[in-house]
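> Dropping the structure in here first, questions after.
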Amino acid sequence: MTAIKLLPDLLISQIAAGEVVERPASALKEILENSIDAGATEVSSQLFQGGTRLIRVADNGTGIARDEMALALSRHATSKITTLEDLQNVASLGFRGEALASIAGVSRLMLTSCRNGEIHGWRVEIEGGRLSPPEPAGRVNGTTVEVHDLYFNTPARRKFLKSEATEFSHSEEAFKRIALSRCDIAFTLQHNGLIRSRLPAADAKTRITAMLGEEFSHNSVYIENDAADLRLSGLAALPAYSRSARDAQYFFVNGRYVRDKLIAHAMREAYRDILHHDRHPAFVLFLEIDANGVDVNVHPTKTEVRFRDPRALHQFIFHAVNKALASPGHVSSASISAHDQTVGKTAIGKKGDAFSSFSGYSRQKVIPLNPPLGVAQAAAFYSTLFRPETSNTESGFESTQGDGVKQSDLPLGFALGQLLGTYILSQNERGLVIVDMHAAHERILYERLKFALDNQKVMMQPLLIPATFHATSLDMATVEENPATLRELGFEICAFSPTMLVVRSVPATLKDADIVKLAREVLGDIREFGASEALTSRRNDLLSTMACHGAVRANRMLTFPEMNALLREMETTERAGQCNHGRPTWFEISSADLDRMFMRGR
Ligand SMILES: Nc1ncnc2c1ncn2[C@@H]1O[C@H](COP(=O)(O)OP(=O)(O)OP(=O)(O)O)[C@@H](O)[C@H]1O
Ligand SMILES: [Mg+2]
């Protein structure tokens, strides 16, 4: 065994860089945050070759004094906090005194800065831990940080860098978050000499519109809500602007972009009654909270936070957003599909109430399907269902069908027809069964996908005609970074051109889905959950997304054999009584209920 030795400073920085400077985008984020902390009102950023060749950020902030430049580049040196108490009340974005040192550990860094009011600035260079003495520089009022050749001295990390376009797309997203967080600061972003974004200082709505587009702003409600030491403001999109991926969700806590489970949950709840479950809300919201009510020192990237009173915060966010979305005029102007209205929780509740007062009828609890059909019976049925159709056996009106299986054997009975493009009506031994065909099919597909993945038997179905589509740069990046995850899920997706993706195979169970929409959502989920979580803790969420896309849509006319096949599949699928989101998939109205409704026999 070798003796214990202190690691050299450069090596420590390089190890820390692994957490702080994962890729060019994370370096850009740190440098931009420093400019904001320095009180800058104008910040320009230039990237070359996705930021791997050069990241240059210039600001008009307070600047760094000549004698402090070396400190700025040392680890654990910060001007932002001095005591533990400061850390608990931290109001700046930075506080570790680690970012610049970490970036300098894995690049050639130049720092040029001039304190406000001085007539010229100073410049230092640092490479491989060696800092040059400060030299006078013709730079006034502010700081320029240049990061050249990121990872030039850590080839292992360099290998993990993706294409220039992918790296730039991550940087662009980092820039977007920063630019949204501070509309009072002017920002520009250039890549390879071309301006990609020019944002003058503006009010919040103008900035948000510049970043997320007119359509988003037009379809959003303004939220402004104060309570004790909490304040929530920003824009939340109405369902008309809901997304198929979680790619337009920006939540800032005291100006810091965060991804937080508690907040995500409160937002989901707030939208629950008005948004179909396969859509994701879009929002840009700013929470201001007393600094000691939130701990930001949780994770190296500082995108996670911990709240002192999570329950109160959850309530506050939920109510503020829910109330704003429910204001008269908003929800009705949104395009909630007929399907949403009928399956949405509140909608069912409301309709149910009206319905029950009409006749004394009360909705049935979902009856568990027991016993499930035996395999032999099911198989026998399949053959009857797909026999050439004959006039009246197809609807199952006859009490006995060929092959000797009686109607009474089948808990969900035989299809009578389709209602409103959404429900299958069927008759069983007890009375009428109403099935939400999408919800039921979704559950079936979900259970099949789970089973296939558990048994590593996801069957890939090569597409006869591969589906190509224009992809966002983030989608391009997700494909490049997650080939193994996608394969495991049964997808073969690759780049077709710098801006197009091609889907060559999908899981066989989903071959009838809208392939492009499905692919976009899966990519969105993988990005959101992270590759490893997508196959572990968030796996079921992902499969649920996939199932939703494979499931038959409202307004698709089903043939009787199709309807009956769906009923039979429900009978053999576990948990078929509820959709993947816990809502019922079917109801039964017994003949006694019907008699009561019509006051028969009284
Ligand atoms: N653009 C800038 N303008 C003025 N001062 C700066 C600028 N960038 C960095 N500094 C100074 O350099 C110090 C070190 O910056 P660095 O980013 O390494 O650490 P930090 O911001 O204090 O904490 P963190 O590691 O959490 O970002 C800062 O505390 C600040 O005093
Ligand atoms: Mg910093």
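Chain labels follow the order of the structure tokens: the first chain is A, the next B, and so on; residue numbering restarts at 1 in every chain, and ligands are counted from 1 in their shown order.
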At a cut-off of 7 Å around ligand 1, and using only C-alpha atoms and all ligand atoms, what residues come up? Please write them as a PyMOL selection string.

chain A and resi 30-31+34-35+38+59+61-64+72-73+75+77-80+93-101+142-144

> Quick one: contact table of region 441-492 of chain A to region 574-590 of chain A, 10 Å max, nearest atom pair and distance in Å to one decimal per residue, counting only C-alpha atoms, chain and number order, as CSV?


residue,atom,partner,partner_atom,distance
A:His441,CA,A:Cys579,CA,8.5
A:Glu442,CA,A:Cys579,CA,6.8
A:Arg443,CA,A:Cys579,CA,5.3
A:Ile444,CA,A:Ala576,CA,6.9
A:Leu445,CA,A:Asn580,CA,10.0
A:Tyr446,CA,A:Asn580,CA,7.5
A:Glu447,CA,A:Glu574,CA,7.3
A:Arg448,CA,A:Glu574,CA,9.9

> With only C-alpha atoms as the basis for distance, which of A:Thr422, A:Ser26, A:Thr485, A:Thr572 is at the shortest distance from Ala554 (chain A)?

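Between A:Thr422, A:Ser26, A:Thr485, A:Thr572, the residue approaching Ala554 (chain A) most closely is A:Thr422.
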
> Which neighbours of Leu523 (chain A) fall inside 9 Å, counting only C-alpha atoms, when residues of the same chain fewer than 6 positions from it are skipped, and could you give them as a ChimeraX atom specification?

/A:245,474-475,478-479,486

> Just checking: using only C-alpha atoms and all ligand atoms, which residue out of A:Ser92, A:Thr573, A:Ser242, A:Thr559 ends up closest to ligand 2?

A:Ser92
